[in-house]
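K.L.:
Here you go, this is protein_10.txt (compact mmCIF, N, CA and C atoms).
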# COMPACT_ATOMS: atom_id res chain seq x y z
N MET A 183 16.95 47.27 6.50
CA MET A 183 16.99 45.82 6.58
C MET A 183 15.61 45.21 6.40
N LYS A 184 14.58 45.85 7.02
CA LYS A 184 13.21 45.33 6.89
C LYS A 184 12.75 45.37 5.43
N LYS A 185 13.10 46.45 4.73
CA LYS A 185 12.71 46.57 3.32
C LYS A 185 13.38 45.49 2.49
N TYR A 186 14.63 45.20 2.80
CA TYR A 186 15.37 44.17 2.09
C TYR A 186 14.71 42.81 2.29
N LEU A 187 14.36 42.48 3.53
CA LEU A 187 13.72 41.19 3.82
C LEU A 187 12.35 41.11 3.17
N LEU A 188 11.61 42.20 3.17
CA LEU A 188 10.30 42.23 2.53
C LEU A 188 10.44 42.00 1.03
N ALA A 189 11.39 42.66 0.41
CA ALA A 189 11.63 42.49 -1.02
C ALA A 189 12.06 41.06 -1.33
N LEU A 190 12.93 40.51 -0.49
CA LEU A 190 13.39 39.13 -0.68
C LEU A 190 12.22 38.15 -0.55
N SER A 191 11.34 38.38 0.40
CA SER A 191 10.15 37.53 0.58
C SER A 191 9.25 37.61 -0.64
N ALA A 192 9.05 38.80 -1.17
CA ALA A 192 8.20 38.98 -2.35
C ALA A 192 8.78 38.23 -3.55
N VAL A 193 10.08 38.30 -3.72
CA VAL A 193 10.74 37.58 -4.82
C VAL A 193 10.57 36.07 -4.64
N ALA A 194 10.70 35.58 -3.43
CA ALA A 194 10.54 34.15 -3.17
C ALA A 194 9.13 33.69 -3.52
N VAL A 195 8.13 34.47 -3.14
CA VAL A 195 6.74 34.12 -3.46
C VAL A 195 6.52 34.12 -4.96
N LEU A 196 7.05 35.09 -5.66
CA LEU A 196 6.91 35.15 -7.11
C LEU A 196 7.60 33.97 -7.78
N CYS A 197 8.74 33.57 -7.27
CA CYS A 197 9.45 32.43 -7.84
C CYS A 197 8.66 31.14 -7.65
N LEU A 198 8.04 30.98 -6.51
CA LEU A 198 7.22 29.79 -6.27
C LEU A 198 6.07 29.74 -7.26
N GLY A 199 5.41 30.87 -7.48
CA GLY A 199 4.29 30.93 -8.41
C GLY A 199 4.73 30.70 -9.84
N ALA A 200 5.97 31.09 -10.16
CA ALA A 200 6.47 30.93 -11.52
C ALA A 200 6.65 29.46 -11.87
N ASN A 201 6.85 28.60 -10.89
CA ASN A 201 7.02 27.18 -11.13
C ASN A 201 5.70 26.43 -11.23
N ALA A 202 4.62 27.06 -10.86
CA ALA A 202 3.31 26.40 -10.92
C ALA A 202 2.95 26.11 -12.38
N LYS A 203 2.33 24.96 -12.59
CA LYS A 203 1.95 24.54 -13.94
C LYS A 203 0.43 24.50 -14.04
N ASN A 204 -0.05 24.63 -15.26
CA ASN A 204 -1.47 24.46 -15.54
C ASN A 204 -1.63 23.15 -16.32
N HIS A 205 -2.56 22.33 -15.88
CA HIS A 205 -2.85 21.05 -16.52
C HIS A 205 -4.26 21.13 -17.10
N GLU A 206 -4.50 20.37 -18.17
CA GLU A 206 -5.81 20.38 -18.81
C GLU A 206 -6.49 19.02 -18.68
N VAL A 207 -7.76 19.05 -18.33
CA VAL A 207 -8.58 17.85 -18.28
C VAL A 207 -9.76 18.07 -19.22
N LYS A 208 -9.90 17.19 -20.21
CA LYS A 208 -11.00 17.29 -21.17
C LYS A 208 -12.20 16.50 -20.65
N MET A 209 -13.38 17.05 -20.86
CA MET A 209 -14.63 16.37 -20.51
C MET A 209 -15.21 15.84 -21.82
N LEU A 210 -15.18 14.52 -21.98
CA LEU A 210 -15.52 13.90 -23.26
C LEU A 210 -16.76 13.02 -23.18
N ASP A 211 -17.43 12.88 -24.31
CA ASP A 211 -18.52 11.93 -24.41
C ASP A 211 -17.98 10.51 -24.57
N VAL A 212 -16.84 10.39 -25.27
CA VAL A 212 -16.25 9.06 -25.51
C VAL A 212 -14.76 9.21 -25.81
N ASN A 213 -14.00 8.21 -25.39
CA ASN A 213 -12.60 8.05 -25.79
C ASN A 213 -12.27 6.56 -25.72
N SER A 214 -11.01 6.20 -25.75
CA SER A 214 -10.64 4.78 -25.76
C SER A 214 -11.02 4.05 -24.47
N GLU A 215 -11.27 4.79 -23.38
CA GLU A 215 -11.69 4.18 -22.10
C GLU A 215 -13.17 3.85 -22.07
N GLY A 216 -13.94 4.50 -22.92
CA GLY A 216 -15.38 4.28 -22.92
C GLY A 216 -16.15 5.59 -23.05
N THR A 217 -17.36 5.56 -22.54
CA THR A 217 -18.23 6.73 -22.66
C THR A 217 -18.18 7.58 -21.40
N MET A 218 -18.54 8.85 -21.55
CA MET A 218 -18.62 9.83 -20.46
C MET A 218 -17.38 9.74 -19.57
N VAL A 219 -16.33 10.41 -20.02
CA VAL A 219 -15.02 10.23 -19.40
C VAL A 219 -14.24 11.55 -19.34
N PHE A 220 -13.45 11.68 -18.29
CA PHE A 220 -12.50 12.78 -18.19
C PHE A 220 -11.17 12.28 -18.74
N GLU A 221 -10.44 13.15 -19.43
CA GLU A 221 -9.15 12.77 -19.99
C GLU A 221 -8.10 13.81 -19.66
N PRO A 222 -7.09 13.47 -18.86
CA PRO A 222 -6.87 12.18 -18.22
C PRO A 222 -7.80 11.98 -17.02
N GLY A 223 -8.05 10.72 -16.71
CA GLY A 223 -8.91 10.40 -15.57
C GLY A 223 -8.18 10.49 -14.24
N PHE A 224 -6.87 10.28 -14.28
CA PHE A 224 -6.02 10.45 -13.09
C PHE A 224 -4.94 11.45 -13.45
N LEU A 225 -4.73 12.39 -12.54
CA LEU A 225 -3.75 13.44 -12.77
C LEU A 225 -2.96 13.66 -11.49
N GLN A 226 -1.64 13.64 -11.60
CA GLN A 226 -0.78 13.93 -10.44
C GLN A 226 -0.15 15.30 -10.67
N ILE A 227 -0.35 16.21 -9.71
CA ILE A 227 0.18 17.56 -9.82
C ILE A 227 0.87 17.95 -8.51
N GLU A 228 1.46 19.12 -8.51
CA GLU A 228 2.13 19.63 -7.32
C GLU A 228 1.30 20.74 -6.68
N PRO A 229 1.44 20.95 -5.38
CA PRO A 229 0.73 22.06 -4.74
C PRO A 229 1.07 23.38 -5.46
N GLY A 230 0.05 24.18 -5.69
CA GLY A 230 0.21 25.44 -6.41
C GLY A 230 -0.13 25.34 -7.88
N ASP A 231 -0.17 24.11 -8.42
CA ASP A 231 -0.56 23.94 -9.82
C ASP A 231 -2.06 24.19 -9.98
N SER A 232 -2.47 24.38 -11.22
CA SER A 232 -3.89 24.56 -11.51
C SER A 232 -4.32 23.55 -12.57
N VAL A 233 -5.63 23.34 -12.62
CA VAL A 233 -6.22 22.42 -13.60
C VAL A 233 -7.33 23.17 -14.32
N THR A 234 -7.31 23.10 -15.65
CA THR A 234 -8.36 23.69 -16.46
C THR A 234 -9.23 22.56 -16.99
N PHE A 235 -10.51 22.60 -16.68
CA PHE A 235 -11.47 21.63 -17.18
C PHE A 235 -12.07 22.19 -18.47
N VAL A 236 -11.99 21.39 -19.54
CA VAL A 236 -12.43 21.84 -20.86
C VAL A 236 -13.58 20.96 -21.34
N PRO A 237 -14.79 21.54 -21.48
CA PRO A 237 -15.91 20.76 -22.02
C PRO A 237 -15.78 20.66 -23.54
N THR A 238 -15.57 19.46 -24.05
CA THR A 238 -15.44 19.30 -25.49
C THR A 238 -16.79 18.97 -26.14
N HIS A 239 -17.76 18.65 -25.34
CA HIS A 239 -19.13 18.39 -25.78
C HIS A 239 -20.08 19.06 -24.78
N LYS A 240 -21.32 19.19 -25.15
CA LYS A 240 -22.29 19.84 -24.26
C LYS A 240 -22.68 18.93 -23.10
N THR A 241 -23.24 19.54 -22.09
CA THR A 241 -23.81 18.92 -20.87
C THR A 241 -22.77 18.41 -19.87
N HIS A 242 -21.58 18.98 -19.87
CA HIS A 242 -20.56 18.55 -18.91
C HIS A 242 -20.16 19.71 -18.00
N TRP A 243 -19.81 19.35 -16.76
CA TRP A 243 -19.11 20.24 -15.85
C TRP A 243 -18.43 19.39 -14.80
N ALA A 244 -17.52 19.98 -14.05
CA ALA A 244 -16.76 19.24 -13.03
C ALA A 244 -17.09 19.77 -11.65
N LYS A 245 -17.28 18.83 -10.71
CA LYS A 245 -17.62 19.19 -9.33
C LYS A 245 -16.87 18.26 -8.38
N SER A 246 -16.24 18.83 -7.37
CA SER A 246 -15.53 18.01 -6.38
C SER A 246 -16.52 17.25 -5.52
N VAL A 247 -16.16 15.99 -5.17
CA VAL A 247 -17.00 15.19 -4.28
C VAL A 247 -16.25 14.70 -3.04
N VAL A 248 -14.95 14.53 -3.15
CA VAL A 248 -14.10 14.18 -2.01
C VAL A 248 -12.86 15.07 -2.10
N ILE A 249 -12.57 15.77 -1.00
CA ILE A 249 -11.42 16.67 -0.99
C ILE A 249 -10.68 16.53 0.34
N PRO A 250 -9.41 16.94 0.37
CA PRO A 250 -8.67 16.90 1.63
C PRO A 250 -9.25 17.88 2.64
N GLU A 251 -9.05 17.59 3.91
CA GLU A 251 -9.51 18.49 4.97
C GLU A 251 -8.84 19.86 4.79
N GLY A 252 -9.66 20.90 4.86
CA GLY A 252 -9.15 22.26 4.73
C GLY A 252 -9.05 22.77 3.30
N ALA A 253 -9.31 21.90 2.32
CA ALA A 253 -9.26 22.32 0.91
C ALA A 253 -10.59 22.95 0.52
N SER A 254 -10.56 23.72 -0.54
CA SER A 254 -11.78 24.36 -1.05
C SER A 254 -12.45 23.46 -2.08
N LYS A 255 -13.77 23.37 -1.99
CA LYS A 255 -14.54 22.65 -3.00
C LYS A 255 -14.45 23.42 -4.31
N PHE A 256 -14.69 22.72 -5.41
CA PHE A 256 -14.73 23.40 -6.69
C PHE A 256 -15.89 22.88 -7.53
N GLU A 257 -16.40 23.74 -8.39
CA GLU A 257 -17.46 23.36 -9.32
C GLU A 257 -17.46 24.34 -10.48
N SER A 258 -17.33 23.79 -11.68
CA SER A 258 -17.40 24.63 -12.87
C SER A 258 -18.86 24.81 -13.26
N LYS A 259 -19.08 25.59 -14.29
CA LYS A 259 -20.44 25.81 -14.79
C LYS A 259 -20.66 24.95 -16.03
N LEU A 260 -21.91 24.66 -16.30
CA LEU A 260 -22.31 23.85 -17.44
C LEU A 260 -21.70 24.40 -18.73
N ASP A 261 -21.02 23.54 -19.46
CA ASP A 261 -20.47 23.84 -20.78
C ASP A 261 -19.47 24.99 -20.80
N GLU A 262 -18.83 25.29 -19.66
CA GLU A 262 -17.85 26.38 -19.62
C GLU A 262 -16.50 25.87 -19.16
N LYS A 263 -15.46 26.39 -19.79
CA LYS A 263 -14.09 26.09 -19.37
C LYS A 263 -13.87 26.75 -18.01
N ALA A 264 -13.18 26.06 -17.10
CA ALA A 264 -12.92 26.62 -15.77
C ALA A 264 -11.56 26.14 -15.27
N THR A 265 -10.87 27.04 -14.59
CA THR A 265 -9.55 26.74 -14.03
C THR A 265 -9.59 26.88 -12.52
N PHE A 266 -9.04 25.88 -11.83
CA PHE A 266 -8.99 25.88 -10.37
C PHE A 266 -7.55 25.63 -9.93
N SER A 267 -7.14 26.33 -8.87
CA SER A 267 -5.82 26.13 -8.28
C SER A 267 -5.92 25.13 -7.14
N PHE A 268 -4.89 24.32 -6.99
CA PHE A 268 -4.85 23.29 -5.96
C PHE A 268 -3.63 23.54 -5.08
N ASP A 269 -3.87 24.10 -3.90
CA ASP A 269 -2.79 24.44 -2.98
C ASP A 269 -2.64 23.44 -1.84
N LYS A 270 -3.71 22.73 -1.54
CA LYS A 270 -3.73 21.80 -0.41
C LYS A 270 -3.37 20.39 -0.90
N GLU A 271 -2.37 19.78 -0.27
CA GLU A 271 -1.99 18.42 -0.65
C GLU A 271 -3.11 17.43 -0.33
N GLY A 272 -3.19 16.39 -1.14
CA GLY A 272 -4.17 15.34 -0.92
C GLY A 272 -4.77 14.86 -2.23
N VAL A 273 -5.77 14.00 -2.10
CA VAL A 273 -6.44 13.42 -3.25
C VAL A 273 -7.83 14.03 -3.38
N TYR A 274 -8.16 14.45 -4.59
CA TYR A 274 -9.45 15.07 -4.90
C TYR A 274 -10.17 14.14 -5.88
N ILE A 275 -11.40 13.79 -5.55
CA ILE A 275 -12.24 13.04 -6.48
C ILE A 275 -13.30 14.01 -6.98
N TYR A 276 -13.54 13.98 -8.28
CA TYR A 276 -14.53 14.89 -8.86
C TYR A 276 -15.41 14.12 -9.85
N GLU A 277 -16.54 14.72 -10.18
CA GLU A 277 -17.51 14.08 -11.07
C GLU A 277 -18.11 15.09 -12.02
N CYS A 278 -18.76 14.57 -13.05
CA CYS A 278 -19.65 15.36 -13.90
C CYS A 278 -21.05 15.03 -13.38
N PRO A 279 -21.71 15.96 -12.66
CA PRO A 279 -22.98 15.63 -12.01
C PRO A 279 -24.04 14.96 -12.89
N PRO A 280 -24.29 15.43 -14.12
CA PRO A 280 -25.34 14.74 -14.88
C PRO A 280 -24.95 13.34 -15.35
N HIS A 281 -23.66 13.02 -15.29
CA HIS A 281 -23.20 11.72 -15.78
C HIS A 281 -22.54 10.86 -14.70
N LYS A 282 -22.82 11.18 -13.44
CA LYS A 282 -22.21 10.39 -12.36
C LYS A 282 -22.71 8.95 -12.37
N ILE A 283 -23.94 8.74 -12.82
CA ILE A 283 -24.48 7.37 -12.90
C ILE A 283 -23.72 6.54 -13.94
N MET A 284 -23.04 7.25 -14.86
CA MET A 284 -22.22 6.58 -15.88
C MET A 284 -20.75 6.55 -15.44
N ASN A 285 -20.52 6.87 -14.17
CA ASN A 285 -19.19 6.85 -13.55
C ASN A 285 -18.22 7.82 -14.23
N MET A 286 -18.74 8.99 -14.63
CA MET A 286 -17.88 10.04 -15.18
C MET A 286 -17.25 10.76 -14.00
N MET A 287 -16.11 10.21 -13.58
CA MET A 287 -15.39 10.71 -12.41
C MET A 287 -13.90 10.72 -12.70
N GLY A 288 -13.18 11.49 -11.91
CA GLY A 288 -11.74 11.56 -12.06
C GLY A 288 -11.08 11.80 -10.72
N ILE A 289 -9.76 11.65 -10.72
CA ILE A 289 -8.97 11.83 -9.50
C ILE A 289 -7.79 12.74 -9.81
N ILE A 290 -7.57 13.69 -8.91
CA ILE A 290 -6.37 14.54 -8.96
C ILE A 290 -5.62 14.31 -7.65
N GLN A 291 -4.36 13.95 -7.76
CA GLN A 291 -3.50 13.84 -6.57
C GLN A 291 -2.58 15.05 -6.56
N VAL A 292 -2.66 15.80 -5.48
CA VAL A 292 -1.83 16.99 -5.30
C VAL A 292 -0.77 16.67 -4.25
N GLY A 293 0.48 16.54 -4.70
CA GLY A 293 1.55 16.21 -3.75
C GLY A 293 1.31 14.86 -3.09
N LYS A 294 1.40 14.83 -1.77
CA LYS A 294 1.22 13.60 -1.00
C LYS A 294 -0.27 13.29 -0.81
N ALA A 295 -0.59 12.01 -0.73
CA ALA A 295 -1.98 11.56 -0.54
C ALA A 295 -2.34 11.62 0.94
N THR A 296 -2.54 12.82 1.45
CA THR A 296 -2.77 13.03 2.88
C THR A 296 -4.10 12.49 3.38
N ASN A 297 -5.06 12.30 2.49
CA ASN A 297 -6.41 11.85 2.86
C ASN A 297 -6.74 10.49 2.25
N LEU A 298 -5.75 9.65 2.10
CA LEU A 298 -5.92 8.38 1.40
C LEU A 298 -6.98 7.49 2.05
N GLU A 299 -7.04 7.44 3.35
CA GLU A 299 -8.04 6.60 4.02
C GLU A 299 -9.46 7.07 3.68
N LYS A 300 -9.68 8.37 3.70
CA LYS A 300 -10.98 8.94 3.34
C LYS A 300 -11.36 8.57 1.90
N VAL A 301 -10.39 8.63 1.01
CA VAL A 301 -10.61 8.29 -0.40
C VAL A 301 -10.95 6.81 -0.54
N ARG A 302 -10.19 5.97 0.15
CA ARG A 302 -10.44 4.51 0.07
C ARG A 302 -11.83 4.14 0.58
N LEU A 303 -12.32 4.85 1.57
CA LEU A 303 -13.67 4.60 2.09
C LEU A 303 -14.75 5.11 1.13
N ALA A 304 -14.47 6.18 0.42
CA ALA A 304 -15.46 6.79 -0.47
C ALA A 304 -15.62 6.05 -1.79
N ILE A 305 -14.56 5.49 -2.31
CA ILE A 305 -14.59 4.89 -3.65
C ILE A 305 -15.64 3.79 -3.80
N PRO A 306 -15.75 2.81 -2.89
CA PRO A 306 -16.79 1.78 -3.07
C PRO A 306 -18.20 2.37 -3.14
N LYS A 307 -18.47 3.39 -2.33
CA LYS A 307 -19.80 4.02 -2.35
C LYS A 307 -20.04 4.73 -3.68
N LEU A 308 -19.03 5.41 -4.19
CA LEU A 308 -19.17 6.11 -5.46
C LEU A 308 -19.30 5.13 -6.62
N GLU A 309 -18.55 4.04 -6.59
CA GLU A 309 -18.64 3.02 -7.63
C GLU A 309 -20.01 2.33 -7.62
N LYS A 310 -20.56 2.14 -6.44
CA LYS A 310 -21.84 1.43 -6.30
C LYS A 310 -22.98 2.14 -7.02
N ARG A 311 -22.96 3.45 -7.05
CA ARG A 311 -24.06 4.20 -7.68
C ARG A 311 -23.96 4.23 -9.21
N ALA A 312 -22.85 3.77 -9.75
CA ALA A 312 -22.66 3.78 -11.21
C ALA A 312 -23.37 2.60 -11.85
N SER A 313 -24.09 2.87 -12.93
CA SER A 313 -24.74 1.80 -13.68
C SER A 313 -23.90 1.38 -14.89
N GLU A 314 -22.94 2.23 -15.28
CA GLU A 314 -22.05 1.94 -16.40
C GLU A 314 -20.62 2.27 -15.99
N ASN A 315 -19.68 1.76 -16.76
CA ASN A 315 -18.26 2.05 -16.54
C ASN A 315 -17.80 1.70 -15.13
N LYS A 316 -18.35 0.63 -14.58
CA LYS A 316 -17.97 0.22 -13.23
C LYS A 316 -16.48 -0.13 -13.18
N GLY A 317 -15.86 0.23 -12.07
CA GLY A 317 -14.45 -0.05 -11.89
C GLY A 317 -13.52 1.06 -12.36
N ARG A 318 -14.08 2.06 -13.04
CA ARG A 318 -13.24 3.14 -13.57
C ARG A 318 -12.52 3.89 -12.45
N LEU A 319 -13.26 4.26 -11.43
CA LEU A 319 -12.67 5.03 -10.33
C LEU A 319 -11.64 4.18 -9.57
N GLU A 320 -11.94 2.90 -9.39
CA GLU A 320 -10.99 2.00 -8.73
C GLU A 320 -9.70 1.89 -9.53
N LYS A 321 -9.82 1.87 -10.85
CA LYS A 321 -8.64 1.81 -11.72
C LYS A 321 -7.79 3.07 -11.55
N TYR A 322 -8.43 4.22 -11.52
CA TYR A 322 -7.69 5.46 -11.32
C TYR A 322 -7.01 5.48 -9.95
N ALA A 323 -7.72 4.98 -8.94
CA ALA A 323 -7.19 5.01 -7.57
C ALA A 323 -5.92 4.18 -7.43
N LYS A 324 -5.74 3.17 -8.26
CA LYS A 324 -4.52 2.35 -8.21
C LYS A 324 -3.28 3.16 -8.58
N GLN A 325 -3.49 4.32 -9.20
CA GLN A 325 -2.36 5.16 -9.61
C GLN A 325 -1.93 6.14 -8.51
N ILE A 326 -2.70 6.20 -7.42
CA ILE A 326 -2.36 7.11 -6.32
C ILE A 326 -1.05 6.65 -5.69
N LYS A 327 -0.15 7.59 -5.51
CA LYS A 327 1.14 7.29 -4.88
C LYS A 327 1.05 7.63 -3.40
N GLU A 328 1.35 6.63 -2.57
CA GLU A 328 1.26 6.83 -1.11
C GLU A 328 2.46 7.57 -0.56
Can you present the structure in this file as structure tokens?

P.N.:
Amino acid sequence: MKKYLLALSAVAVLCLGANAKNHEVKMLDVNSEGTMVFEPGFLQIEPGDSVTFVPTHKTHWAKSVVIPEGASKFESKLDEKATFSFDKEGVYIYECPPHKIMNMMGIIQVGKATNLEKVRLAIPKLEKRASENKGRLEKYAKQIKE
């Protein structure tokens, strides 16, 4: 009986992983939104999904700046594709460090917005440091589902 339950548990875990999706975020110098931008800038995913950050031009990488409590920080390397899994529900704000002054930031919502108050407090501070593309992060935040 124990072996049967163990096997059944293993199958359940594998089935959950089989439903996980991988999403792609491009790191661009320019698109229809303006300069120094992630595409898409807002992404809604489910717990267990992963996101691959793809540098389409040089001098880009992605680094988390606001994450849900208990979640792992993430940071890719300069000019390298990187994939991160998101298991903890909540809202993640990330940036391209060399272009944060140009408001090169994005938002990933994983499941429910468990840390929405923290995100709402952080956005004005993050927007304030931007010299270009002001309001971009606020625009993305309007897409967060409560």

K.L.:
Find the residue from A:Val219, A:Leu298, A:Lys259, A:Val247 that sits nearest to Tyr276 of chain A; use all atoms listed in the file when measuring.

P.N.:
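Selected residue with least distance to Tyr276 of chain A: A:Val247.
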
K.L.:
Just the residues within 6.5 Å of segment 223-233 of chain A, please, counting all atoms listed in the file, with nothing from its chain fewer than 2 positions along; format it as a list in words.

P.N.:
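Answer for this query is Ala202, Lys203, Asn204, His205, Glu206, Val207, Phe220, Glu221, Phe235, Ala264, Thr265, Phe266, Ser267, Phe268, Asp269, Lys270, Glu271, Met287, Gly288, Ile289, Ile290, Gln291, Val292, Gly293 and Tyr322 of chain A.
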
K.L.:
Show me the residues around (-7.6, 8.0, -4.9) - criterion: an atom at most 10 Å away, only C-alpha atoms counted - as a PyMOL selection string.

P.N.:
chain A and resi 224+248+272-275+288-291+295+297-305+319-328

K.L.:
Which residue gives the smallest distance to Glu277 of chain A among A:Met218, A:Ile249, A:Leu308, A:Ala244, with all atoms listed in the file counted?

P.N.:
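Closest to Glu277 of chain A of all the choices is A:Ala244.
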
K.L.:
Please, what distance in Å, to one decimal, runs between atom C of Lys255 of chain A and atom CA of Lys294 of chain A?

P.N.:
18.8 Å

K.L.:
Could you jot down the atom C of Val212 of chain A to atom C of Ile283 of chain A separation for me, Å, one decimal place?

P.N.:
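Between these atoms lies a distance of 15.1 Å.
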
K.L.:
Of the residues A:Leu210, A:Val236, A:Leu260, A:Ala253, which is the one nearest to Pro280 of chain A, using only C-alpha atoms?

P.N.:
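Residue with the minimum atom-to-atom distance to Pro280 of chain A: A:Leu260.
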
K.L.:
Between atom CA of Lys282 of chain A and atom N of Gly317 of chain A, measure the distance and give it in Å to one decimal.

P.N.:
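A separation of 12.0 Å between them.
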
K.L.:
Report as a ChimeraX atom specification: the residues of segment 190-322 of chain A with a DSSP assignment of strand (DSSP E or B), based on the backbone of this structure.

P.N.:
/A:204-213,216-221,224-227,232-237,245-248,257,264-267,272-277,287-292

K.L.:
For a quick check of understanding, using all atoms listed in the file, which of A:Lys240, A:Met286, A:Glu314, A:Pro306 has the smallest distance to Glu262 of chain A?

P.N.:
A:Lys240

K.L.:
Using only C-alpha atoms, which of A:Glu251, A:Glu257, A:Glu309, A:Glu215 sits nearest Thr234 of chain A?

P.N.:
A:Glu257

K.L.:
Identify which of the residues A:Ser246, A:Thr238, A:Thr296, A:Ser313 lies closest to Cys278 of chain A, counting only N, CA and C atoms when measuring atom-to-atom distances.

P.N.:
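Smallest distance to Cys278 of chain A is found for A:Ser246.
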
K.L.:
From the DSSP assignment of the backbone, select every residue of segment 197-316 of chain A that is alpha helix (DSSP H), and format the answer as a ChimeraX atom specification.

P.N.:
/A:197-200,298-310
